[in-house]
$ cat model-v3.csv   # CSV, C-alpha atoms and all ligand atoms
chain,number,residue,atom,x,y,z
W,1,MET,CA,-16.2,-72.4,10.6
W,2,LEU,CA,-18.6,-72.9,7.7
W,3,GLN,CA,-21.8,-71.0,7.5
W,4,ILE,CA,-24.5,-71.4,4.8
W,5,PHE,CA,-27.0,-68.6,4.1
W,6,PRO,CA,-30.0,-68.8,1.8
W,7,ASP,CA,-28.8,-66.1,-0.7
W,8,THR,CA,-26.5,-63.2,-1.5
W,9,SER,CA,-28.6,-60.6,0.1
W,10,THR,CA,-28.7,-62.3,3.5
W,11,ILE,CA,-24.9,-62.8,3.2
W,12,ALA,CA,-24.5,-59.1,2.4
W,13,GLU,CA,-26.5,-58.1,5.4
W,14,HIS,CA,-24.5,-60.5,7.7
W,15,VAL,CA,-21.1,-59.4,6.5
W,16,SER,CA,-22.1,-55.8,6.5
W,17,ALA,CA,-23.2,-56.2,10.2
W,18,THR,CA,-19.8,-57.8,11.0
W,19,LEU,CA,-18.0,-54.9,9.4
W,20,VAL,CA,-20.1,-52.3,11.2
W,21,ALA,CA,-19.6,-54.0,14.6
W,22,LYS,CA,-15.9,-54.3,14.0
W,23,ILE,CA,-15.6,-50.6,13.2
W,24,GLN,CA,-17.8,-49.5,16.1
W,25,SER,CA,-15.7,-51.5,18.5
W,26,LYS,CA,-12.4,-50.4,16.9
W,27,PRO,CA,-12.8,-47.2,14.8
W,28,ASP,CA,-9.1,-47.3,13.8
W,29,ALA,CA,-9.2,-50.9,12.6
W,30,VAL,CA,-7.1,-52.1,9.7
W,31,LEU,CA,-9.3,-53.8,7.1
W,32,GLY,CA,-8.1,-56.1,4.4
W,33,LEU,CA,-10.3,-55.6,1.3
W,34,ALA,CA,-11.1,-57.7,-1.7
W,35,THR,CA,-12.6,-56.8,-5.1
W,36,GLY,CA,-14.7,-59.0,-7.5
W,37,GLY,CA,-18.3,-59.8,-8.1
W,38,THR,CA,-18.8,-61.4,-4.7
W,39,MET,CA,-18.0,-58.2,-2.9
W,40,GLU,CA,-20.3,-55.9,-4.9
W,41,PRO,CA,-23.5,-56.7,-3.0
W,42,ILE,CA,-21.6,-56.7,0.3
W,43,TYR,CA,-20.1,-53.2,-0.2
W,44,ALA,CA,-23.5,-51.9,-1.4
W,45,GLN,CA,-25.1,-53.2,1.8
W,46,PHE,CA,-22.3,-51.9,3.9
W,47,VAL,CA,-22.5,-48.4,2.5
W,48,ALA,CA,-26.3,-48.3,3.1
W,49,HIS,CA,-25.8,-49.7,6.7
W,50,ALA,CA,-23.0,-47.2,7.4
W,51,HIS,CA,-25.2,-44.3,6.3
W,52,ARG,CA,-28.1,-45.6,8.5
W,53,VAL,CA,-26.0,-45.7,11.7
W,54,ASN,CA,-23.9,-42.7,10.8
W,55,LEU,CA,-20.7,-44.8,11.0
W,56,ASP,CA,-17.5,-42.9,11.3
W,57,VAL,CA,-15.0,-44.5,8.9
W,58,SER,CA,-12.5,-41.6,8.9
W,59,ARG,CA,-10.0,-43.4,11.2
W,60,LEU,CA,-10.0,-46.7,9.3
W,61,THR,CA,-7.0,-48.0,7.4
W,62,SER,CA,-7.4,-50.4,4.5
W,63,PHE,CA,-5.1,-52.6,2.4
W,64,ASN,CA,-6.5,-54.1,-0.7
W,65,LEU,CA,-5.4,-57.6,-1.7
W,66,ASP,CA,-4.3,-57.0,-5.2
W,67,GLU,CA,-3.9,-54.9,-8.3
W,68,TYR,CA,-3.3,-55.7,-12.0
W,69,ILE,CA,0.2,-54.8,-13.3
W,70,GLY,CA,0.0,-52.2,-16.0
W,71,LEU,CA,-3.3,-50.6,-15.0
W,72,SER,CA,-3.1,-47.2,-13.5
W,73,PRO,CA,-5.4,-46.2,-10.7
W,74,ASP,CA,-7.4,-44.2,-13.3
W,75,HIS,CA,-7.9,-47.2,-15.6
W,76,PRO,CA,-11.6,-48.1,-15.3
W,77,LYS,CA,-10.8,-51.8,-14.9
W,78,SER,CA,-8.1,-51.3,-12.2
W,79,TYR,CA,-9.0,-52.4,-8.7
W,80,SER,CA,-8.4,-48.9,-7.5
W,81,ALA,CA,-11.3,-47.8,-9.7
W,82,TYR,CA,-13.4,-50.7,-8.5
W,83,MET,CA,-12.9,-49.7,-4.9
W,84,ARG,CA,-13.7,-46.0,-5.6
W,85,GLU,CA,-16.9,-47.1,-7.4
W,86,HIS,CA,-18.2,-49.6,-4.9
W,87,LEU,CA,-16.9,-48.3,-1.6
W,88,PHE,CA,-14.4,-45.5,-1.2
W,89,SER,CA,-16.4,-42.7,-2.9
W,90,HIS,CA,-19.6,-43.4,-0.9
W,91,LEU,CA,-18.4,-42.8,2.7
W,92,GLY,CA,-16.2,-40.3,4.6
W,93,PHE,CA,-12.9,-42.2,4.4
W,94,ASP,CA,-9.5,-40.6,4.9
W,95,THR,CA,-8.2,-41.4,1.4
W,96,SER,CA,-4.6,-41.2,2.7
W,97,ARG,CA,-5.3,-44.4,4.7
W,98,LEU,CA,-6.6,-46.5,1.8
W,99,HIS,CA,-3.9,-48.6,0.2
W,100,LEU,CA,-3.7,-50.7,-2.9
W,101,PRO,CA,-0.7,-52.1,-4.6
W,102,ASP,CA,0.6,-49.8,-7.4
W,103,GLY,CA,0.2,-51.6,-10.7
W,104,MET,CA,2.3,-49.0,-12.4
W,105,THR,CA,5.4,-49.2,-10.2
W,106,GLN,CA,8.8,-49.3,-11.9
W,107,ASP,CA,10.4,-51.6,-9.3
W,108,LEU,CA,8.0,-54.4,-8.7
W,109,GLU,CA,10.1,-56.3,-6.2
W,110,ALA,CA,10.8,-53.2,-4.0
W,111,HIS,CA,7.1,-52.3,-4.1
W,112,CYS,CA,6.0,-55.7,-3.0
W,113,LYS,CA,8.4,-55.6,-0.1
W,114,ALA,CA,7.3,-52.1,0.8
W,115,TYR,CA,3.6,-53.1,0.7
W,116,ALA,CA,4.2,-56.0,3.0
W,117,ALA,CA,6.2,-53.8,5.4
W,118,HIS,CA,3.5,-51.2,5.4
W,119,ILE,CA,0.9,-53.8,6.5
W,120,GLN,CA,3.3,-54.9,9.2
W,121,ALA,CA,3.9,-51.3,10.3
W,122,PHE,CA,0.1,-51.1,11.0
W,123,GLY,CA,0.3,-54.2,13.1
W,124,GLY,CA,-1.3,-56.4,10.4
W,125,VAL,CA,-4.9,-56.7,9.4
W,126,ASP,CA,-7.7,-56.9,11.9
W,127,LEU,CA,-10.4,-58.1,9.6
W,128,GLN,CA,-9.7,-59.6,6.2
W,129,LEU,CA,-12.4,-60.0,3.6
W,130,LEU,CA,-11.8,-62.6,0.9
W,131,GLY,CA,-13.6,-64.0,-2.2
W,132,VAL,CA,-12.3,-67.2,-3.7
W,133,GLY,CA,-11.4,-68.0,-7.3
W,134,GLY,CA,-12.8,-71.0,-9.1
W,135,ASN,CA,-9.4,-72.6,-8.7
W,136,GLY,CA,-9.2,-71.9,-5.0
W,137,HIS,CA,-7.0,-68.8,-5.2
W,138,ILE,CA,-7.3,-66.1,-2.5
W,139,GLY,CA,-6.0,-62.7,-3.4
W,140,PHE,CA,-4.2,-63.7,-6.5
W,141,ASN,CA,-2.3,-66.5,-4.7
W,142,GLU,CA,-2.8,-69.1,-7.4
W,143,PRO,CA,-2.6,-72.9,-6.8
W,144,GLY,CA,0.8,-74.0,-5.7
W,145,THR,CA,1.7,-70.7,-3.9
W,146,PRO,CA,3.7,-71.5,-0.7
W,147,PHE,CA,1.7,-70.7,2.4
W,148,ASP,CA,4.6,-68.6,3.7
W,149,CYS,CA,4.9,-66.4,0.6
W,150,PRO,CA,4.7,-62.7,1.3
W,151,CYS,CA,3.3,-60.0,-1.1
W,152,HIS,CA,4.6,-60.8,-4.6
W,153,VAL,CA,4.1,-60.6,-8.4
W,154,VAL,CA,2.0,-63.3,-9.9
W,155,GLU,CA,1.4,-64.6,-13.4
W,156,LEU,CA,-2.3,-65.1,-13.4
W,157,ALA,CA,-3.6,-68.6,-14.0
W,158,GLU,CA,-5.4,-69.1,-17.3
W,159,GLN,CA,-8.6,-70.0,-15.5
W,160,THR,CA,-8.4,-66.7,-13.5
W,161,ARG,CA,-8.0,-64.7,-16.7
W,162,ILE,CA,-11.0,-66.5,-18.3
W,163,ASP,CA,-13.1,-66.0,-15.1
W,164,ASN,CA,-12.2,-62.3,-14.9
W,165,SER,CA,-12.7,-61.6,-18.6
W,166,ARG,CA,-16.4,-61.0,-17.8
W,167,PHE,CA,-15.3,-57.7,-16.2
W,168,PHE,CA,-13.4,-56.6,-19.3
W,169,ALA,CA,-15.3,-55.3,-22.4
W,170,GLU,CA,-14.6,-56.9,-25.8
W,171,GLY,CA,-11.2,-56.0,-27.1
W,172,LEU,CA,-9.8,-55.3,-23.6
W,173,MET,CA,-7.5,-58.0,-22.4
W,174,VAL,CA,-7.3,-59.2,-18.8
W,175,PRO,CA,-3.7,-58.3,-17.7
W,176,ARG,CA,-1.4,-61.3,-17.5
W,177,SER,CA,0.1,-60.4,-14.1
W,178,ALA,CA,-0.8,-58.8,-10.8
W,179,ILE,CA,0.7,-57.8,-7.5
W,180,THR,CA,-1.0,-59.7,-4.6
W,181,MET,CA,-0.8,-59.7,-0.9
W,182,GLY,CA,0.8,-63.1,0.0
W,183,MET,CA,-0.6,-66.0,1.8
W,184,ALA,CA,1.7,-64.9,4.7
W,185,GLU,CA,-0.1,-61.5,5.2
W,186,ILE,CA,-3.5,-63.0,4.7
W,187,MET,CA,-3.0,-65.8,7.3
W,188,GLN,CA,-1.6,-63.2,9.8
W,189,ALA,CA,-5.0,-61.4,9.8
W,190,ARG,CA,-6.6,-61.6,13.2
W,191,GLU,CA,-10.0,-62.5,11.7
W,192,ILE,CA,-10.9,-63.6,8.2
W,193,VAL,CA,-14.3,-63.7,6.4
W,194,LEU,CA,-14.3,-65.6,3.1
W,195,VAL,CA,-17.4,-65.4,1.0
W,196,ALA,CA,-18.3,-67.7,-1.9
W,197,THR,CA,-21.6,-67.3,-3.8
W,198,GLY,CA,-23.1,-68.9,-6.9
W,199,GLU,CA,-22.9,-72.2,-8.7
W,200,ALA,CA,-19.6,-71.3,-10.2
W,201,LYS,CA,-18.0,-71.8,-6.7
W,202,ALA,CA,-19.8,-75.1,-5.9
W,203,GLN,CA,-17.1,-77.4,-7.2
W,204,ILE,CA,-14.2,-75.7,-5.5
W,205,MET,CA,-16.2,-75.6,-2.2
W,206,ALA,CA,-16.7,-79.3,-2.4
W,207,GLU,CA,-13.0,-79.9,-3.0
W,208,TRP,CA,-12.2,-77.5,-0.1
W,209,TYR,CA,-14.6,-79.5,2.2
W,210,GLN,CA,-13.1,-82.9,1.3
W,211,GLN,CA,-9.4,-82.0,1.1
W,212,ASP,CA,-6.8,-81.6,3.8
W,213,VAL,CA,-4.8,-78.5,3.8
W,214,THR,CA,-2.9,-78.3,0.5
W,215,GLU,CA,-1.1,-75.6,-1.4
W,216,ARG,CA,-2.8,-77.0,-4.5
W,217,ILE,CA,-6.0,-75.3,-3.2
W,218,PRO,CA,-4.8,-72.1,-1.5
W,219,PHE,CA,-7.9,-71.4,0.6
W,220,THR,CA,-7.6,-74.7,2.4
W,221,ALA,CA,-5.0,-72.8,4.5
W,222,LEU,CA,-7.9,-71.1,6.2
W,223,LYS,CA,-8.7,-74.5,7.9
W,224,ARG,CA,-5.6,-73.7,10.1
W,225,HIS,CA,-6.7,-70.2,10.9
W,226,PRO,CA,-8.2,-69.8,14.4
W,227,ARG,CA,-10.7,-67.2,13.4
W,228,ALA,CA,-11.6,-67.8,9.8
W,229,ARG,CA,-15.2,-68.0,8.7
W,230,ILE,CA,-16.3,-69.4,5.3
W,231,ILE,CA,-19.7,-68.0,4.3
W,232,LEU,CA,-21.6,-69.6,1.4
W,233,ASP,CA,-24.9,-69.2,-0.2
W,234,GLU,CA,-27.0,-72.3,-1.0
W,235,ALA,CA,-25.8,-72.4,-4.7
W,236,ALA,CA,-22.1,-72.5,-3.6
W,237,ALA,CA,-22.9,-75.1,-1.0
W,238,SER,CA,-24.9,-77.3,-3.4
W,239,LEU,CA,-22.1,-79.9,-4.0
W,240,LEU,CA,-21.1,-80.3,-0.4
W,241,PRO,CA,-21.6,-83.9,0.8
D,301,LIG,C1,-10.1,-59.9,-5.7
D,301,LIG,C2,-9.4,-61.1,-5.3
D,301,LIG,C3,-9.9,-62.4,-5.9
D,301,LIG,C4,-11.4,-62.6,-5.9
D,301,LIG,C5,-11.7,-63.9,-6.5
D,301,LIG,C6,-13.2,-64.1,-6.7
D,301,LIG,O1,-9.5,-58.8,-5.0
D,301,LIG,O2,-8.4,-61.1,-4.6
D,301,LIG,O3,-9.3,-63.5,-5.1
D,301,LIG,O4,-11.9,-62.5,-4.6
D,301,LIG,O5,-11.1,-64.0,-7.8
D,301,LIG,O6,-13.7,-63.2,-7.6
D,301,LIG,P1,-15.3,-63.0,-7.8
D,301,LIG,O7,-15.9,-62.5,-6.6
D,301,LIG,O8,-15.4,-62.0,-9.0
D,301,LIG,O9,-15.8,-64.4,-8.2
$ encode --input "model-v3.csv" --output "structure tokens" --more "lines below"
Ligand code: F6R
Amino acid sequence: MLQIFPDTSTIAEHVSATLVAKIQSKPDAVLGLATGGTMEPIYAQFVAHAHRVNLDVSRLTSFNLDEYIGLSPDHPKSYSAYMREHLFSHLGFDTSRLHLPDGMTQDLEAHCKAYAAHIQAFGGVDLQLLGVGGNGHIGFNEPGTPFDCPCHVVELAEQTRIDNSRFFAEGLMVPRSAITMGMAEIMQAREIVLVATGEAKAQIMAEWYQQDVTERIPFTALKRHPRARIILDEAAASLLP
């Protein structure tokens, strides 16, 4: 289902309300979390909303989609640091229940298997938040990733590294590789909310709209998901027919 909202702040309010409702109805829910610019206003709104309604988040479990290889959780550009800054440090989470892939692991393959198994051990994700890359990636599942691919190591596409360089100060390189939850874990989530905002997402949204399901555009897989919502602002929707 495609929904178009006027701007990022109405989207943030809407997605925040979805999260709060989910947590109120299932306080021990398993959330799949994303990072990136799209999520920043959403997490800010959710934190404010959660404070307003005194939301208990202590029983939640979360699994983040991805982490850069070679960045430790203390590195300011790691996704671990992002999550602390924008969400985890603001509410009463049980930090032992908050999971991200370990970008410093010595055994990448074993870690990917263990991360996927950990998600399964919790019964999969109840509500998965997603942004989308300018090339259609979700998590870091770049174009061409098989839809049945589990958590894995990925060489980032050149466009992804260029897009994400805006988060890295001059002289700091965007890492070349990452660990990402696979299309398999994402598609197993019981409910998915993908958000795309801004003109930079308009072209890929138009392609998504016009194309059948194809591994060339990973997020077209959501067309087959029974409970996936694609939420756009007017700028991201501006090239839809
Ligand atoms: C982030 C992630 C990515 C981003 C996507 C969009 O954890 O998995 O798929 O959601 O690259 O990034 P932004 O929101 O910065 O445009």
$ closest_residue --input "model-v3.csv" --among "W:Val174, W:Ile230, W:Leu129, W:Cys151" --to "ligand LIG 301 (chain D)" --atoms "only C-alpha atoms and all ligand atoms"
W:Leu129
$ closest_atom_pairs --input "model-v3.csv" --of "range 97-131 of chain W" --to "range 184-200 of chain W" --cutoff "7 Å" --atoms "all atoms listed in the file" --output "JSON lines"
{"residue": "W:Gly124", "atom": "CA", "partner": "W:Ala189", "partner_atom": "CA", "distance": 6.2}
{"residue": "W:Val125", "atom": "CA", "partner": "W:Ala189", "partner_atom": "CA", "distance": 4.7}
{"residue": "W:Asp126", "atom": "CA", "partner": "W:Arg190", "partner_atom": "CA", "distance": 5.0}
{"residue": "W:Leu127", "atom": "CA", "partner": "W:Glu191", "partner_atom": "CA", "distance": 4.9}
{"residue": "W:Gln128", "atom": "CA", "partner": "W:Ile192", "partner_atom": "CA", "distance": 4.6}
{"residue": "W:Leu129", "atom": "CA", "partner": "W:Val193", "partner_atom": "CA", "distance": 5.0}
{"residue": "W:Leu130", "atom": "CA", "partner": "W:Leu194", "partner_atom": "CA", "distance": 4.5}
{"residue": "W:Gly131", "atom": "CA", "partner": "W:Val195", "partner_atom": "CA", "distance": 5.2}
$ residues_near_ligand --input "model-v3.csv" --ligand "ligand LIG 301 (chain D)" --cutoff "9 Å" --atoms "all atoms listed in the file" --output "VMD selection string"
chain W and resid 33 to 40 64 to 67 79 129 to 142 160 163 to 164 166 to 167 180 to 181 194 to 198 200 to 201
$ closest_residue --input "model-v3.csv" --among "W:Tyr68, W:Ile204, W:Val30, W:Gly92" --to "His152 in chain W" --atoms "all atoms listed in the file"
W:Tyr68
$ residues_around --input "model-v3.csv" --residues "Cys112 in chain W" --least-positions-apart "3" --cutoff "9 Å" --atoms "only C-alpha atoms" --output "ChimeraX atom specification"
/W:101,107-109,115-117,150-153,179-181
$ closest_residue --input "model-v3.csv" --among "W:Gly70, W:Phe46, W:Arg216, W:Leu172" --to "Phe88 in chain W" --atoms "all atoms listed in the file"
W:Phe46
$ closest_residue --input "model-v3.csv" --among "W:Arg229, W:Arg59, W:His75, W:His118" --to "Thr95 in chain W" --atoms "only C-alpha atoms"
W:Arg59
$ atom_distance --input "model-v3.csv" --atom1 "CA of Ala48 in chain W" --atom2 "CA of Ala21 in chain W"
14.5 Å
$ atom_distance --input "model-v3.csv" --atom1 "CA of Gln120 in chain W" --atom2 "CA of Gln106 in chain W"
22.5 Å
$ build_atoms --input "model-v3.csv" --residues "range 49-62 of chain W" --atoms "N, CA and C atoms" --output "PDB file, in the coordinates of the input"
ATOM      1  N   HIS W  49     -25.813 -49.473   5.207  1.00  0.00           N
ATOM      2  CA  HIS W  49     -25.800 -49.700   6.700  1.00  0.00           C
ATOM      3  C   HIS W  49     -25.034 -48.592   7.378  1.00  0.00           C
ATOM      4  N   ALA W  50     -23.863 -48.259   6.820  1.00  0.00           N
ATOM      5  CA  ALA W  50     -23.000 -47.200   7.400  1.00  0.00           C
ATOM      6  C   ALA W  50     -23.722 -45.885   7.448  1.00  0.00           C
ATOM      7  N   HIS W  51     -24.432 -45.569   6.375  1.00  0.00           N
ATOM      8  CA  HIS W  51     -25.200 -44.300   6.300  1.00  0.00           C
ATOM      9  C   HIS W  51     -26.293 -44.330   7.416  1.00  0.00           C
ATOM     10  N   ARG W  52     -26.972 -45.479   7.515  1.00  0.00           N
ATOM     11  CA  ARG W  52     -28.100 -45.600   8.500  1.00  0.00           C
ATOM     12  C   ARG W  52     -27.642 -45.350   9.895  1.00  0.00           C
ATOM     13  N   VAL W  53     -26.478 -45.870  10.264  1.00  0.00           N
ATOM     14  CA  VAL W  53     -26.000 -45.700  11.700  1.00  0.00           C
ATOM     15  C   VAL W  53     -24.999 -44.633  11.824  1.00  0.00           C
ATOM     16  N   ASN W  54     -24.827 -43.837  10.753  1.00  0.00           N
ATOM     17  CA  ASN W  54     -23.900 -42.700  10.800  1.00  0.00           C
ATOM     18  C   ASN W  54     -22.485 -43.155  11.257  1.00  0.00           C
ATOM     19  N   LEU W  55     -22.013 -44.186  10.634  1.00  0.00           N
ATOM     20  CA  LEU W  55     -20.700 -44.800  11.000  1.00  0.00           C
ATOM     21  C   LEU W  55     -19.566 -43.893  10.656  1.00  0.00           C
ATOM     22  N   ASP W  56     -18.664 -43.715  11.608  1.00  0.00           N
ATOM     23  CA  ASP W  56     -17.500 -42.900  11.300  1.00  0.00           C
ATOM     24  C   ASP W  56     -16.374 -43.850  10.785  1.00  0.00           C
ATOM     25  N   VAL W  57     -16.037 -43.664   9.517  1.00  0.00           N
ATOM     26  CA  VAL W  57     -15.000 -44.500   8.900  1.00  0.00           C
ATOM     27  C   VAL W  57     -13.693 -43.738   8.699  1.00  0.00           C
ATOM     28  N   SER W  58     -13.637 -42.536   9.244  1.00  0.00           N
ATOM     29  CA  SER W  58     -12.500 -41.600   8.900  1.00  0.00           C
ATOM     30  C   SER W  58     -11.177 -42.106   9.521  1.00  0.00           C
ATOM     31  N   ARG W  59     -11.254 -42.986  10.532  1.00  0.00           N
ATOM     32  CA  ARG W  59     -10.000 -43.400  11.200  1.00  0.00           C
ATOM     33  C   ARG W  59      -9.564 -44.823  10.701  1.00  0.00           C
ATOM     34  N   LEU W  60     -10.347 -45.399   9.798  1.00  0.00           N
ATOM     35  CA  LEU W  60     -10.000 -46.700   9.300  1.00  0.00           C
ATOM     36  C   LEU W  60      -8.791 -46.691   8.385  1.00  0.00           C
ATOM     37  N   THR W  61      -8.037 -47.785   8.411  1.00  0.00           N
ATOM     38  CA  THR W  61      -7.000 -48.000   7.400  1.00  0.00           C
ATOM     39  C   THR W  61      -7.374 -49.230   6.616  1.00  0.00           C
ATOM     40  N   SER W  62      -7.099 -49.220   5.322  1.00  0.00           N
ATOM     41  CA  SER W  62      -7.400 -50.400   4.500  1.00  0.00           C
ATOM     42  C   SER W  62      -6.207 -50.777   3.624  1.00  0.00           C
TER      43      SER W  62
END
